[in-house]
file work.tsv (TSV, C-alpha atoms)
chain	number	residue	atom	x	y	z
Z	1	MET	CA	24.01	-36.18	-7.88
Z	2	THR	CA	20.74	-36.42	-9.84
Z	3	PRO	CA	18.11	-33.62	-9.77
Z	4	SER	CA	15.89	-35.89	-7.67
Z	5	GLN	CA	18.66	-36.40	-5.11
Z	6	ARG	CA	19.30	-32.65	-5.05
Z	7	ARG	CA	15.61	-31.96	-4.40
Z	8	THR	CA	15.59	-34.48	-1.56
Z	9	LYS	CA	18.67	-32.86	-0.02
Z	10	MET	CA	17.22	-29.36	-0.32
Z	11	LYS	CA	13.91	-30.46	1.23
Z	12	ALA	CA	15.81	-32.03	4.12
Z	13	ASN	CA	17.76	-28.81	4.67
Z	14	LEU	CA	14.57	-26.77	4.52
Z	15	LEU	CA	12.85	-28.97	7.10
Z	16	LYS	CA	15.87	-28.89	9.41
Z	17	ALA	CA	16.11	-25.10	9.08
Z	18	ARG	CA	12.45	-24.78	10.05
Z	19	GLU	CA	12.94	-27.11	13.03
Z	20	GLU	CA	15.93	-25.07	14.20
Z	21	LEU	CA	14.10	-21.78	13.85
Z	22	GLY	CA	11.06	-23.29	15.57
Z	23	ARG	CA	13.25	-23.94	18.61
Z	24	LEU	CA	14.52	-20.35	18.76
Z	25	SER	CA	13.42	-18.37	21.76
Z	26	PRO	CA	10.44	-16.15	20.86
Z	27	ALA	CA	12.52	-13.17	21.98
Z	28	LYS	CA	14.91	-13.80	19.07
Z	29	ARG	CA	12.22	-14.02	16.42
Z	30	PRO	CA	10.25	-11.16	14.87
Z	31	ARG	CA	6.66	-11.58	16.09
Z	32	THR	CA	4.95	-10.26	12.99
Z	33	ALA	CA	5.61	-10.09	9.27
Z	34	GLU	CA	6.01	-6.33	9.50
Z	35	GLU	CA	8.58	-6.71	12.28
Z	36	LEU	CA	10.61	-9.09	10.08
Z	37	ILE	CA	10.43	-6.73	7.10
Z	38	GLN	CA	11.58	-3.81	9.24
Z	39	ARG	CA	14.38	-5.86	10.79
Z	40	VAL	CA	15.67	-6.80	7.34
Z	41	ARG	CA	15.45	-3.16	6.23
Z	42	ARG	CA	17.64	-2.13	9.17
Z	43	THR	CA	20.10	-4.93	8.39
Z	44	ARG	CA	20.23	-3.80	4.76
Z	45	GLU	CA	20.92	-0.20	5.68
Z	46	LYS	CA	23.61	-1.20	8.17
Z	47	ILE	CA	25.39	-3.49	5.68
Z	48	TRP	CA	25.22	-0.77	3.03
Z	49	GLU	CA	26.70	1.81	5.38
Z	50	GLU	CA	29.50	-0.61	6.25
Z	51	LYS	CA	30.20	-1.22	2.55
Z	52	LEU	CA	30.40	2.52	1.89
Z	53	ALA	CA	32.65	3.07	4.90
Z	54	SER	CA	35.00	0.29	3.78
Z	55	HIS	CA	35.34	1.88	0.35
Z	56	SER	CA	35.94	5.44	1.55
E	57	MET	CA	11.85	-18.51	-15.19
E	58	LEU	CA	14.69	-16.61	-13.51
E	59	LEU	CA	13.85	-15.23	-10.08
E	60	ILE	CA	15.55	-12.95	-7.58
E	61	LEU	CA	14.20	-13.47	-4.07
E	62	ASP	CA	14.66	-10.62	-1.64
E	63	SER	CA	16.08	-11.56	1.75
E	64	ASN	CA	12.69	-11.22	3.44
E	65	GLU	CA	11.39	-14.06	1.23
E	66	TYR	CA	14.15	-16.40	2.37
E	67	LEU	CA	13.64	-15.52	6.03
E	68	PHE	CA	9.88	-16.06	5.82
E	69	GLY	CA	10.42	-19.16	3.70
E	70	LEU	CA	12.80	-20.73	6.21
E	71	GLY	CA	10.36	-19.95	9.01
E	72	LEU	CA	11.99	-17.17	11.06
E	73	THR	CA	8.48	-15.66	11.18
E	74	ARG	CA	5.36	-17.25	9.76
E	75	GLY	CA	4.88	-16.31	6.10
E	76	VAL	CA	2.81	-19.02	4.48
E	77	GLU	CA	3.13	-17.84	0.86
E	78	SER	CA	6.91	-17.42	1.11
E	79	GLU	CA	7.15	-20.87	2.67
E	80	LYS	CA	5.17	-22.30	-0.25
E	81	LEU	CA	7.33	-20.39	-2.73
E	82	LEU	CA	10.55	-21.93	-1.43
E	83	GLU	CA	8.91	-25.38	-1.39
E	84	ARG	CA	7.62	-24.92	-4.95
E	85	LEU	CA	11.04	-23.87	-6.27
E	86	ILE	CA	12.60	-26.94	-4.68
E	87	GLU	CA	9.86	-29.28	-5.94
E	88	LYS	CA	10.26	-27.97	-9.48
E	89	TYR	CA	14.08	-27.85	-9.44
E	90	PRO	CA	15.74	-27.42	-11.96
E	91	LEU	CA	12.82	-25.90	-13.92
E	92	HIS	CA	13.20	-22.41	-12.41
E	93	ARG	CA	16.44	-20.61	-11.68
E	94	ILE	CA	17.35	-18.21	-8.91
E	95	ARG	CA	20.30	-15.83	-8.56
E	96	VAL	CA	21.55	-14.45	-5.23
E	97	PRO	CA	23.71	-11.37	-4.68
E	98	ARG	CA	26.15	-11.20	-1.79
E	99	LEU	CA	24.06	-8.46	-0.15
E	100	VAL	CA	21.04	-10.77	0.19
E	101	SER	CA	23.21	-13.60	1.47
E	102	ASP	CA	24.75	-11.27	4.09
E	103	GLU	CA	21.32	-10.03	5.19
E	104	VAL	CA	20.09	-13.60	5.64
E	105	ARG	CA	23.27	-14.52	7.53
E	106	ARG	CA	22.83	-11.68	10.01
E	107	ASN	CA	19.28	-12.75	10.80
E	108	LEU	CA	19.79	-16.49	11.25
E	109	PRO	CA	21.68	-18.69	13.69
E	110	PRO	CA	24.91	-19.97	12.04
E	111	GLN	CA	23.74	-23.57	11.59
E	112	THR	CA	20.52	-22.45	9.92
E	113	PHE	CA	22.43	-20.08	7.65
E	114	ALA	CA	24.55	-23.07	6.58
E	115	ARG	CA	21.34	-24.84	5.53
E	116	PHE	CA	20.25	-21.78	3.56
E	117	ILE	CA	23.61	-21.81	1.76
E	118	GLN	CA	23.25	-25.49	0.95
E	119	ILE	CA	19.85	-24.83	-0.60
E	120	VAL	CA	20.79	-21.79	-2.67
E	121	GLN	CA	24.08	-23.25	-3.82
E	122	THR	CA	22.16	-26.09	-5.43
E	123	PHE	CA	20.53	-23.46	-7.65
E	124	THR	CA	23.35	-21.02	-8.18
E	125	LEU	CA	26.59	-19.42	-7.09
E	126	ILE	CA	26.39	-16.22	-5.06
E	127	ASP	CA	27.30	-13.15	-7.13
E	128	GLU	CA	29.61	-10.56	-5.63
E	129	ASP	CA	27.96	-7.13	-5.47
E	130	ALA	CA	30.75	-5.46	-7.40
E	131	VAL	CA	29.67	-7.16	-10.62
E	132	VAL	CA	26.64	-4.87	-10.95
E	133	PRO	CA	27.41	-1.68	-12.93
E	134	PHE	CA	27.21	1.41	-10.72
E	135	GLU	CA	25.20	3.33	-13.35
E	136	LEU	CA	22.42	0.77	-13.20
E	137	GLY	CA	22.02	1.32	-9.45
E	138	ALA	CA	22.04	5.08	-9.92
E	139	ARG	CA	19.15	4.77	-12.34
E	140	TYR	CA	17.00	3.02	-9.73
E	141	GLU	CA	17.99	5.57	-7.08
E	142	ALA	CA	16.65	8.20	-9.47
E	143	LEU	CA	13.33	6.30	-9.41
E	144	GLY	CA	13.16	6.92	-5.68
E	145	LEU	CA	14.72	3.79	-4.18
E	146	LYS	CA	17.21	3.94	-1.33
E	147	PRO	CA	20.75	3.02	-2.47
E	148	ALA	CA	20.72	-0.57	-1.19
E	149	ASP	CA	17.25	-1.24	-2.61
E	150	ALA	CA	18.38	0.37	-5.87
E	151	PHE	CA	21.26	-2.10	-5.92
E	152	ILE	CA	18.84	-5.05	-5.65
E	153	ALA	CA	16.72	-3.67	-8.49
E	154	ALA	CA	19.86	-3.10	-10.57
E	155	TYR	CA	20.95	-6.65	-9.82
E	156	ALA	CA	17.59	-7.97	-11.03
E	157	GLU	CA	18.02	-6.05	-14.29
E	158	TRP	CA	21.68	-7.03	-14.69
E	159	THR	CA	20.90	-10.75	-14.30
E	160	GLY	CA	18.02	-10.52	-16.78
E	161	ALA	CA	15.61	-11.76	-14.10
E	162	ASP	CA	11.96	-12.21	-14.96
E	163	VAL	CA	10.76	-11.49	-11.45
E	164	LEU	CA	11.98	-9.84	-8.25
E	165	VAL	CA	10.02	-11.42	-5.39
E	166	THR	CA	9.71	-9.33	-2.25
E	167	GLU	CA	7.35	-8.30	0.53
E	168	ASN	CA	9.14	-4.93	0.75
E	169	ARG	CA	6.64	-2.24	-0.09
E	170	HIS	CA	9.36	0.13	-1.28
E	171	PHE	CA	9.83	-2.14	-4.29
E	172	LEU	CA	6.17	-2.92	-4.73
E	173	THR	CA	5.37	0.73	-5.40
E	174	LEU	CA	7.91	0.93	-8.25
E	175	ARG	CA	6.54	1.80	-11.65
E	176	THR	CA	5.55	-1.07	-13.90
E	177	ASP	CA	7.63	-0.42	-17.05
E	178	LEU	CA	10.72	-2.13	-15.63
E	179	PRO	CA	12.59	-4.96	-17.39
E	180	PHE	CA	11.40	-7.34	-14.64
E	181	ARG	CA	8.21	-7.82	-12.64
E	182	VAL	CA	8.07	-7.05	-8.92
E	183	LEU	CA	5.76	-9.50	-7.17
E	184	ARG	CA	4.88	-10.70	-3.69
E	185	ALA	CA	5.35	-14.42	-3.02
E	186	GLU	CA	1.59	-14.92	-3.25
E	187	GLN	CA	1.51	-13.44	-6.77
E	188	CYS	CA	4.66	-15.26	-7.88
E	189	LEU	CA	3.25	-18.63	-6.84
E	190	LYS	CA	0.54	-18.24	-9.47
E	191	LEU	CA	3.22	-18.11	-12.18
E	192	LEU	CA	5.19	-21.18	-11.09

call {"tool": "encode", "arguments": {"input": "work.tsv", "output": "C-alpha coordinates"}}
result
Amino acid sequence: MTPSQRRTKMKANLLKAREELGRLSPAKRPRTAEELIQRVRRTREKIWEEKLASHS
Amino acid sequence: MLLILDSNEYLFGLGLTRGVESEKLLERLIEKYPLHRIRVPRLVSDEVRRNLPPQTFARFIQIVQTFTLIDEDAVVPFELGARYEALGLKPADAFIAAYAEWTGADVLVTENRHFLTLRTDLPFRVLRAEQCLKLL
(Lines of atoms letter the chains of each structure in order from A and count residues from 1; the text may use other names and numbers.)
(Lines give C-alpha, C1' and ligand atoms only; values in the text may rest on other atoms or scores of the structure.)
Protein backbone atom coordinates (compact mmCIF):
# COMPACT_ATOMS: atom_id res chain seq x y z
CA MET A 1 0.00 0.00 0.00
CA THR A 2 1.39 3.44 -0.91
CA PRO A 3 1.64 6.28 1.67
CA SER A 4 -1.23 8.03 -0.12
CA GLN A 5 -3.43 4.95 0.19
CA ARG A 6 -2.50 4.64 3.86
CA ARG A 7 -3.45 8.27 4.48
CA THR A 8 -6.79 7.74 2.76
CA LYS A 9 -7.47 4.66 4.89
CA MET A 10 -6.53 6.44 8.11
CA LYS A 11 -8.72 9.43 7.25
CA ALA A 12 -11.63 7.09 6.57
CA ASN A 13 -11.12 5.37 9.93
CA LEU A 14 -10.91 8.73 11.69
CA LEU A 15 -14.15 9.93 10.11
CA LYS A 16 -15.94 6.69 10.94
CA ALA A 17 -14.68 6.82 14.53
CA ARG A 18 -16.02 10.36 14.87
CA GLU A 19 -19.38 9.33 13.40
CA GLU A 20 -19.62 6.41 15.83
CA LEU A 21 -18.73 8.54 18.82
CA GLY A 22 -21.15 11.22 17.62
CA ARG A 23 -23.94 8.65 17.88
CA LEU A 24 -23.04 7.69 21.46
CA SER A 25 -25.59 8.60 24.06
CA PRO A 26 -24.59 11.85 25.82
CA ALA A 27 -24.67 9.93 29.10
CA LYS A 28 -21.70 7.85 27.90
CA ARG A 29 -19.57 10.79 26.86
CA PRO A 30 -17.65 13.17 29.13
CA ARG A 31 -19.41 16.54 28.82
CA THR A 32 -16.33 18.71 29.22
CA ALA A 33 -12.63 18.51 28.49
CA GLU A 34 -11.89 18.42 32.20
CA GLU A 35 -14.30 15.51 32.68
CA LEU A 36 -12.50 13.56 29.94
CA ILE A 37 -9.09 14.28 31.46
CA GLN A 38 -10.28 13.15 34.89
CA ARG A 39 -11.90 10.03 33.45
CA VAL A 40 -8.64 9.07 31.75
CA ARG A 41 -6.72 9.72 34.97
CA ARG A 42 -9.00 7.31 36.83
CA THR A 43 -8.60 4.73 34.07
CA ARG A 44 -4.82 5.11 34.25
CA GLU A 45 -4.73 4.64 38.00
CA LYS A 46 -7.01 1.60 37.82
CA ILE A 47 -4.94 -0.07 35.08
CA TRP A 48 -1.75 0.64 37.03
CA GLU A 49 -3.19 -0.87 40.20
CA GLU A 50 -4.23 -3.95 38.23
CA LYS A 51 -0.74 -4.27 36.76
CA LEU A 52 0.83 -4.06 40.21
CA ALA A 53 -1.62 -6.59 41.63
CA SER A 54 -0.91 -9.02 38.79
CA HIS A 55 2.82 -8.83 39.49
CA SER A 56 2.61 -9.24 43.26
CA MET B 1 9.67 14.42 14.55
CA LEU B 2 8.89 11.58 16.97
CA LEU B 3 5.82 12.14 19.13
CA ILE B 4 4.19 10.37 22.05
CA LEU B 5 0.52 11.26 22.35
CA ASP B 6 -1.06 10.77 25.74
CA SER B 7 -4.36 8.89 25.77
CA ASN B 8 -6.36 12.08 26.33
CA GLU B 9 -5.09 13.37 22.96
CA TYR B 10 -6.39 10.30 21.14
CA LEU B 11 -9.76 10.46 22.88
CA PHE B 12 -10.19 14.15 22.09
CA GLY B 13 -8.83 13.60 18.59
CA LEU B 14 -11.30 10.81 17.85
CA GLY B 15 -14.14 12.97 19.16
CA LEU B 16 -15.21 11.37 22.46
CA THR B 17 -15.43 14.95 23.75
CA ARG B 18 -14.87 18.07 21.68
CA GLY B 19 -11.19 19.05 21.64
CA VAL B 20 -10.56 21.05 18.50
CA GLU B 21 -6.76 21.25 18.75
CA SER B 22 -6.39 17.52 19.43
CA GLU B 23 -8.69 16.80 16.50
CA LYS B 24 -6.50 18.97 14.28
CA LEU B 25 -3.36 17.29 15.61
CA LEU B 26 -4.56 13.82 14.64
CA GLU B 27 -5.65 15.13 11.22
CA ARG B 28 -2.29 16.86 10.70
CA LEU B 29 -0.31 13.72 11.58
CA ILE B 30 -2.37 11.73 9.09
CA GLU B 31 -2.10 14.38 6.36
CA LYS B 32 1.68 14.51 6.77
CA TYR B 33 2.18 10.74 7.10
CA PRO B 34 4.92 9.42 6.98
CA LEU B 35 6.79 12.67 7.79
CA HIS B 36 6.24 12.42 11.56
CA ARG B 37 6.40 9.29 13.67
CA ILE B 38 4.44 8.29 16.74
CA ARG B 39 5.08 5.53 19.29
CA VAL B 40 2.38 4.03 21.53
CA PRO B 41 2.89 2.11 24.77
CA ARG B 42 0.48 -0.64 25.79
CA LEU B 43 -0.71 1.49 28.74
CA VAL B 44 -2.00 4.23 26.42
CA SER B 45 -3.63 1.69 24.12
CA ASP B 46 -5.37 0.07 27.13
CA GLU B 47 -6.59 3.44 28.40
CA VAL B 48 -8.05 4.29 25.00
CA ARG B 49 -9.67 0.85 24.77
CA ARG B 50 -11.42 1.24 28.10
CA ASN B 51 -12.92 4.56 27.08
CA LEU B 52 -14.18 3.69 23.60
CA PRO B 53 -16.81 1.34 22.19
CA PRO B 54 -15.10 -1.78 20.72
CA GLN B 55 -15.69 -0.89 17.06
CA THR B 56 -14.25 2.59 17.55
CA PHE B 57 -11.24 1.18 19.37
CA ALA B 58 -10.65 -1.06 16.34
CA ARG B 59 -10.50 2.08 14.18
CA PHE B 60 -8.02 3.66 16.58
CA ILE B 61 -5.84 0.54 16.29
CA GLN B 62 -6.00 0.66 12.51
CA ILE B 63 -4.81 4.27 12.57
CA VAL B 64 -1.95 3.84 15.04
CA GLN B 65 -0.76 0.59 13.53
CA THR B 66 -0.16 2.43 10.26
CA PHE B 67 2.38 4.53 12.16
CA THR B 68 3.87 2.01 14.54
CA LEU B 69 3.64 -1.18 16.54
CA ILE B 70 2.44 -0.93 20.13
CA ASP B 71 5.29 -1.32 22.63
CA GLU B 72 4.79 -3.56 25.64
CA ASP B 73 5.24 -1.64 28.90
CA ALA B 74 7.88 -4.03 30.19
CA VAL B 75 10.42 -2.74 27.67
CA VAL B 76 10.88 0.50 29.63
CA PRO B 77 13.66 0.25 32.27
CA PHE B 78 12.25 0.46 35.79
CA GLU B 79 14.98 2.92 36.88
CA LEU B 80 13.84 5.43 34.28
CA GLY B 81 10.32 5.44 35.73
CA ALA B 82 11.68 5.80 39.25
CA ARG B 83 13.55 8.91 38.18
CA TYR B 84 10.33 10.59 37.03
CA GLU B 85 8.53 9.53 40.20
CA ALA B 86 11.28 11.36 42.08
CA LEU B 87 10.33 14.47 40.07
CA GLY B 88 6.86 14.26 41.59
CA LEU B 89 4.87 12.26 39.04
CA LYS B 90 2.50 9.49 40.03
CA PRO B 91 3.85 6.04 39.06
CA ALA B 92 1.75 5.60 35.91
CA ASP B 93 2.49 9.14 34.70
CA ALA B 94 6.16 8.54 35.51
CA PHE B 95 6.00 5.49 33.27
CA ILE B 96 4.70 7.59 30.36
CA ALA B 97 7.48 10.14 30.86
CA ALA B 98 10.04 7.32 31.06
CA TYR B 99 8.60 5.84 27.87
CA ALA B 100 9.00 9.19 26.11
CA GLU B 101 12.65 9.31 27.17
CA TRP B 102 13.29 5.65 26.32
CA THR B 103 11.91 6.05 22.79
CA GLY B 104 13.96 9.21 22.22
CA ALA B 105 10.76 11.17 21.56
CA ASP B 106 10.99 14.84 20.71
CA VAL B 107 7.63 15.68 22.22
CA LEU B 108 5.11 14.26 24.68
CA VAL B 109 1.72 15.72 23.77
CA THR B 110 -0.83 15.85 26.56
CA GLU B 111 -3.57 17.95 28.12
CA ASN B 112 -2.72 16.45 31.54
CA ARG B 113 -1.60 19.26 33.78
CA HIS B 114 0.48 16.91 35.92
CA PHE B 115 2.89 16.60 33.00
CA LEU B 116 2.63 20.20 31.93
CA THR B 117 4.05 21.39 35.24
CA LEU B 118 7.18 19.23 34.86
CA ARG B 119 10.47 21.05 34.77
CA THR B 120 11.81 22.04 31.38
CA ASP B 121 15.27 20.41 31.33
CA LEU B 122 13.91 17.03 30.21
CA PRO B 123 15.17 15.14 27.14
CA PHE B 124 11.79 15.79 25.46
CA ARG B 125 9.32 18.67 25.33
CA VAL B 126 5.92 18.45 27.00
CA LEU B 127 3.32 20.32 24.93
CA ARG B 128 -0.42 20.67 24.60
CA ALA B 129 -1.91 19.80 21.20
CA GLU B 130 -2.31 23.51 20.45
CA GLN B 131 1.43 24.13 20.99
CA CYS B 132 2.47 20.98 19.13
CA LEU B 133 0.46 21.96 16.06
CA LYS B 134 2.72 24.98 15.62
CA LEU B 135 5.71 22.65 15.21
CA LEU B 136 4.19 20.31 12.64

call {"tool": "closest_residue", "arguments": {"input": "work.tsv", "among": "Z:Thr2, Z:Arg18, Z:Thr8, Z:Leu24", "to": "chain E", "atoms": "only C-alpha atoms"}}
result
Z:Arg18

call {"tool": "closest_residue", "arguments": {"input": "work.tsv", "among": "E:Ile86, E:Val165, E:Leu61, E:Ala138", "to": "chain Z", "atoms": "all atoms listed in the file"}}
result
E:Ile86

call {"tool": "closest_residue", "arguments": {"input": "work.tsv", "among": "E:Leu59, E:Ala142, E:Ala114, E:Ile94", "to": "chain Z", "atoms": "only C-alpha atoms"}}
result
E:Ala114

call {"tool": "closest_atom_pairs", "arguments": {"input": "work.tsv", "of": "chain E", "to": "chain Z", "cutoff": "10 Å", "atoms": "all atoms listed in the file", "output": "Markdown table"}}
result
| residue | atom | partner | partner_atom | distance |
| --- | --- | --- | --- | --- |
| E:Asp62 | CA | Z:Val40 | CA | 9.8 |
| E:Ser63 | CA | Z:Val40 | CA | 7.4 |
| E:Asn64 | CA | Z:Ile37 | CA | 6.2 |
| E:Glu65 | CA | Z:Ile37 | CA | 9.4 |
| E:Leu67 | CA | Z:Leu36 | CA | 8.2 |
| E:Phe68 | CA | Z:Ala33 | CA | 8.1 |
| E:Gly69 | CA | Z:Leu14 | CA | 8.7 |
| E:Leu70 | CA | Z:Arg18 | CA | 5.6 |
| E:Gly71 | CA | Z:Arg18 | CA | 5.4 |
| E:Leu72 | CA | Z:Leu21 | CA | 5.8 |
| E:Thr73 | CA | Z:Pro30 | CA | 6.1 |
| E:Arg74 | CA | Z:Ala33 | CA | 7.2 |
| E:Gly75 | CA | Z:Ala33 | CA | 7.0 |
| E:Glu79 | CA | Z:Leu14 | CA | 9.7 |
| E:Leu82 | CA | Z:Leu14 | CA | 8.7 |
| E:Glu83 | CA | Z:Lys11 | CA | 7.6 |
| E:Leu85 | CA | Z:Arg7 | CA | 9.5 |
| E:Ile86 | CA | Z:Arg7 | CA | 5.9 |
| E:Glu87 | CA | Z:Arg7 | CA | 6.5 |
| E:Lys88 | CA | Z:Arg7 | CA | 8.4 |
| E:Tyr89 | CA | Z:Arg7 | CA | 6.7 |
| E:Pro90 | CA | Z:Pro3 | CA | 7.0 |
| E:Leu99 | CA | Z:Ile47 | CA | 7.8 |
| E:Val100 | CA | Z:Arg44 | CA | 8.4 |
| E:Asp102 | CA | Z:Ile47 | CA | 8.0 |
| E:Glu103 | CA | Z:Thr43 | CA | 6.1 |
| E:Val104 | CA | Z:Val40 | CA | 8.3 |
| E:Arg106 | CA | Z:Thr43 | CA | 7.5 |
| E:Asn107 | CA | Z:Val40 | CA | 7.8 |
| E:Leu108 | CA | Z:Leu21 | CA | 8.2 |
| E:Pro109 | CA | Z:Leu21 | CA | 8.2 |
| E:Gln111 | CA | Z:Ala17 | CA | 8.2 |
| E:Thr112 | CA | Z:Ala17 | CA | 5.2 |
| E:Phe113 | CA | Z:Ala17 | CA | 8.2 |
| E:Ala114 | CA | Z:Ala17 | CA | 9.0 |
| E:Arg115 | CA | Z:Asn13 | CA | 5.4 |
| E:Phe116 | CA | Z:Asn13 | CA | 7.5 |
| E:Ile117 | CA | Z:Asn13 | CA | 9.6 |
| E:Gln118 | CA | Z:Met10 | CA | 7.3 |
| E:Ile119 | CA | Z:Met10 | CA | 5.2 |
| E:Val120 | CA | Z:Met10 | CA | 8.7 |
| E:Gln121 | CA | Z:Met10 | CA | 9.8 |
| E:Thr122 | CA | Z:Arg6 | CA | 7.2 |
| E:Phe123 | CA | Z:Arg6 | CA | 9.6 |
| E:Lys146 | CA | Z:Glu45 | CA | 8.9 |
| E:Pro147 | CA | Z:Trp48 | CA | 8.0 |
| E:Ala148 | CA | Z:Trp48 | CA | 6.2 |
| E:Asp149 | CA | Z:Arg44 | CA | 8.4 |
| E:Phe151 | CA | Z:Trp48 | CA | 9.9 |
| E:Thr166 | CA | Z:Ile37 | CA | 9.7 |
| E:Glu167 | CA | Z:Ile37 | CA | 7.4 |
| E:Asn168 | CA | Z:Ile37 | CA | 6.7 |
| E:Arg169 | CA | Z:Ile37 | CA | 9.3 |

call {"tool": "atom_distance", "arguments": {"input": "work.tsv", "atom1": "atom CA of Glu77 of chain E", "atom2": "atom CA of Leu164 of chain E"}}
result
15.0 Å

call {"tool": "residues_around", "arguments": {"input": "work.tsv", "residues": "Pro97 of chain E", "least_positions_apart": "3", "cutoff": "8 Å", "atoms": "all atoms listed in the file", "output": "PyMOL selection string"}}
result
chain E and resi 100-101+126-129+155

call {"tool": "atom_distance", "arguments": {"input": "work.tsv", "atom1": "atom CA of Leu136 of chain E", "atom2": "atom CA of Val163 of chain E"}}
result
17.0 Å

call {"tool": "atom_distance", "arguments": {"input": "work.tsv", "atom1": "atom CA of Ser54 of chain Z", "atom2": "atom CA of Leu145 of chain E"}}
result
22.1 Å

call {"tool": "closest_residue", "arguments": {"input": "work.tsv", "among": "E:Arg93, E:Val182, E:Val131, E:Arg105", "to": "Ala153 of chain E", "atoms": "all atoms listed in the file"}}
result
E:Val182
